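**Student:** The structure that follows is given in the form of structure tokens.
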Amino acid sequence: MYDLDQLRRDANSRRLFLARMASAGLGAAAFALLDGCDSSKKVNTNGVVDPTNFPGVTGRNINDVVLNYALTLERLEANLYLQALNAASGRALTTALDSSTPSAGTTGSYTLKVPTGSISSTLSTAAFIYLVQFAYVEAAHRDFLIAALGANAAPVTSSSGNYKFATANGTPGTDLATILSNVLPLEETGVRAYLGAAGFLTDNSLVQIAGTIYSTECRHSASLEYILGIDPGPRNNIPGVPAGEKEVQTASAPNVFEKYLAPATVLTAASQAYFA
């Protein structure tokens, strides 16, 4: 995680931060963040809460509330991707990401240590690359939002601060196909969560940044579905994705418009399924 003031003062930290954000599709947003934000002005004075739409999420204004909602999701995703990657590479689930970000299309120092399960031999290499790369991207999303919010970063967390998978034993699984299958509902929930929250933002620059993260989450979800042989189009009744989905109704083209989820629905479902 990064401190915004240190990023401005320290050229090395700044270059590392910008490199990580670029790899996550947030390069331009990161430049805008460093140029336009002043964390000295981000003093949280109790904050405001929108109990109807964002229960339990605080912020100085609605934009902060939406960003803290996004941070809640990205912190959850980053943690569960970390657990998934560690499980697939034979490491303890709580082992931190290696400090060196793997180059695009590579797994860096990570090696697959579990069976591939139902994933074919032709797709297994790509599947593990996706897992490694996406784990670093989700960590970059989390760090970007923390830096953007500064002193006002206040994600909703479980009472223990820990996260678990929505599986019988709370762990990712023991083969690559199962691990990715258990990550997928979280990714698809994130896609629909961003789409459902964007309309509450009143700052157009933040809408653009949210859209950037949203598009990345869409690519993650579609990539995992491709690897797992699942139809990547918008659809209802995805196992593990909260009910209460909304969509633009069209009888003639039912697979055209992406569904979206209300923030309150996502927060409730996430706390029940993933908070340890």
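Naming scheme: A, B, ... for chains in displayed order of the structure tokens; residues 1 onward per chain; ligands 1 onward as shown.
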Please, which residues of region 34-143 of chain A, numbered as in this document, come out helix (DSSP H, G or I) from DSSP, as an mmCIF file with C-alpha atoms, in the first residue's frame?

**Tutor:**
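Contents of part_37.cif, freshly written:
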```
data_model
loop_
_atom_site.group_PDB
_atom_site.id
_atom_site.type_symbol
_atom_site.label_atom_id
_atom_site.label_comp_id
_atom_site.auth_asym_id
_atom_site.auth_seq_id
_atom_site.Cartn_x
_atom_site.Cartn_y
_atom_site.Cartn_z
ATOM 1 C CA LEU A 34 -0.815 12.592 -7.947
ATOM 2 C CA ASP A 35 -1.371 15.887 -9.727
ATOM 3 C CA GLY A 36 -4.763 16.844 -8.409
ATOM 4 C CA SER A 39 -4.154 14.548 1.255
ATOM 5 C CA SER A 40 -3.591 17.378 3.753
ATOM 6 C CA LYS A 41 -7.130 18.519 2.961
ATOM 7 C CA ILE A 62 -21.309 10.988 -1.552
ATOM 8 C CA ASN A 63 -18.187 10.676 -3.719
ATOM 9 C CA ASP A 64 -16.113 9.570 -0.728
ATOM 10 C CA VAL A 65 -18.872 7.132 0.224
ATOM 11 C CA VAL A 66 -18.821 5.564 -3.249
ATOM 12 C CA LEU A 67 -15.008 5.368 -3.236
ATOM 13 C CA ASN A 68 -15.025 3.714 0.185
ATOM 14 C CA TYR A 69 -17.616 1.280 -1.138
ATOM 15 C CA ALA A 70 -15.280 0.526 -4.052
ATOM 16 C CA LEU A 71 -12.376 0.179 -1.620
ATOM 17 C CA THR A 72 -14.417 -2.297 0.428
ATOM 18 C CA LEU A 73 -14.781 -4.469 -2.665
ATOM 19 C CA GLU A 74 -11.204 -4.079 -3.892
ATOM 20 C CA ARG A 75 -9.760 -4.886 -0.471
ATOM 21 C CA LEU A 76 -11.887 -8.029 -0.427
ATOM 22 C CA GLU A 77 -10.912 -8.997 -3.977
ATOM 23 C CA ALA A 78 -7.213 -8.335 -3.397
ATOM 24 C CA ASN A 79 -7.232 -10.517 -0.282
ATOM 25 C CA LEU A 80 -9.098 -13.428 -1.856
ATOM 26 C CA TYR A 81 -6.992 -13.305 -5.020
ATOM 27 C CA LEU A 82 -3.931 -13.436 -2.787
ATOM 28 C CA GLN A 83 -5.305 -16.526 -1.056
ATOM 29 C CA ALA A 84 -6.188 -18.092 -4.425
ATOM 30 C CA LEU A 85 -2.726 -17.467 -5.859
ATOM 31 C CA ASN A 86 -1.035 -18.803 -2.733
ATOM 32 C CA ALA A 87 -3.182 -21.930 -2.812
ATOM 33 C CA ALA A 88 -2.359 -22.541 -6.469
ATOM 34 C CA SER A 121 -3.607 -28.721 -20.919
ATOM 35 C CA THR A 122 -3.776 -26.145 -23.719
ATOM 36 C CA LEU A 123 -5.377 -23.569 -21.402
ATOM 37 C CA SER A 124 -3.651 -24.363 -18.109
ATOM 38 C CA THR A 125 -0.651 -22.084 -18.719
ATOM 39 C CA ALA A 126 -2.890 -19.141 -19.613
ATOM 40 C CA ALA A 127 -5.134 -19.884 -16.632
ATOM 41 C CA PHE A 128 -2.271 -19.637 -14.158
ATOM 42 C CA ILE A 129 -0.904 -16.503 -15.832
ATOM 43 C CA TYR A 130 -4.333 -14.913 -15.454
ATOM 44 C CA LEU A 131 -4.427 -15.812 -11.777
ATOM 45 C CA VAL A 132 -1.003 -14.292 -11.106
ATOM 46 C CA GLN A 133 -1.587 -11.151 -13.152
ATOM 47 C CA PHE A 134 -5.085 -10.533 -11.785
ATOM 48 C CA ALA A 135 -3.869 -10.858 -8.195
ATOM 49 C CA TYR A 136 -1.457 -7.980 -8.758
ATOM 50 C CA VAL A 137 -4.066 -5.915 -10.594
ATOM 51 C CA GLU A 138 -6.554 -6.219 -7.722
ATOM 52 C CA ALA A 139 -3.843 -5.184 -5.259
ATOM 53 C CA ALA A 140 -3.148 -2.159 -7.491
ATOM 54 C CA HIS A 141 -6.845 -1.232 -7.509
ATOM 55 C CA ARG A 142 -6.895 -1.388 -3.711
ATOM 56 C CA ASP A 143 -3.748 0.721 -3.362
#
```

**Student:** Would you pick out the contacts of Tyr163 (chain A) at 6 Å or less, using only C-alpha atoms, so that residues sharing its chain but fewer than 5 positions from it are not included, and give the list as a PyMOL selection string?

**Tutor:** chain A and resi 274-276

**Student:** With C-alpha atoms retained, export the selected residues as a short mmCIF file (atom, residue, chain, number, x, y, z; two decimals), in the first residue's frame.

**Tutor:**
```
data_model
loop_
_atom_site.label_atom_id
_atom_site.label_comp_id
_atom_site.auth_asym_id
_atom_site.auth_seq_id
_atom_site.Cartn_x
_atom_site.Cartn_y
_atom_site.Cartn_z
CA TYR A 274 -16.79 -13.52 2.58
CA PHE A 275 -16.29 -11.81 5.93
CA ALA A 276 -14.64 -14.16 8.41
#
```

**Student:** Tell me, as a list in words, which residues lie within 6 Å of region 212-229 of chain A, counting only C-alpha atoms; anything in the same chain fewer than 4 positions away does not count.

**Tutor:**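 That gives Glu187, Glu188, Val191 and Tyr194 of chain A.
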
**Student:** Which residues are close to region 265-273 of chain A, i.e. within 10 Å by only C-alpha atoms, leaving aside same-chain residues fewer than 3 positions away? Reply as number ranges by chain.

**Tutor:** A: 53-57, 69, 72-73, 76, 156-158, 163-167, 170, 186, 189-190, 192-193, 196, 240-245, 261-262, 276

**Student:** Near region 111-119 of chain A, counting only C-alpha atoms, which residues have an atom at most 6 Å away, once you skip same-chain residues fewer than 5 positions from it, shown as a list in words?

**Tutor:**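 The filter keeps Ala88, Ser89, Gly90, Ser124, Asp175, Leu176 and Ala177 of chain A.
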
**Student:** Compare A:Ile179, A:Ala168, A:Leu206, A:Leu195 by their minimum atom-to-atom distance to Ala148 (chain A), counting only C-alpha atoms, and give me the closest one.

**Tutor:**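 Closest to Ala148 (chain A) of all the choices is A:Leu206.
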
**Student:** Run DSSP on the backbone and grab whatever in region 37-220 of chain A lands in strand (DSSP E or B); send it over as a list in words.

**Tutor:**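 Matching residues, listed in order: Val48, Val49, Asp50, Phe54, Pro55, Gly56, Val57, Thr58, Gly59 and Tyr163 of chain A.
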
**Student:** As an exercise, work out the distance from CA of Asn162 (chain A) to CA of Tyr110 (chain A) in Å and give it to one decimal place.

**Tutor:**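 Straight-line distance from CA of Asn162 (chain A) to CA of Tyr110 (chain A) works out to 23.7 Å.
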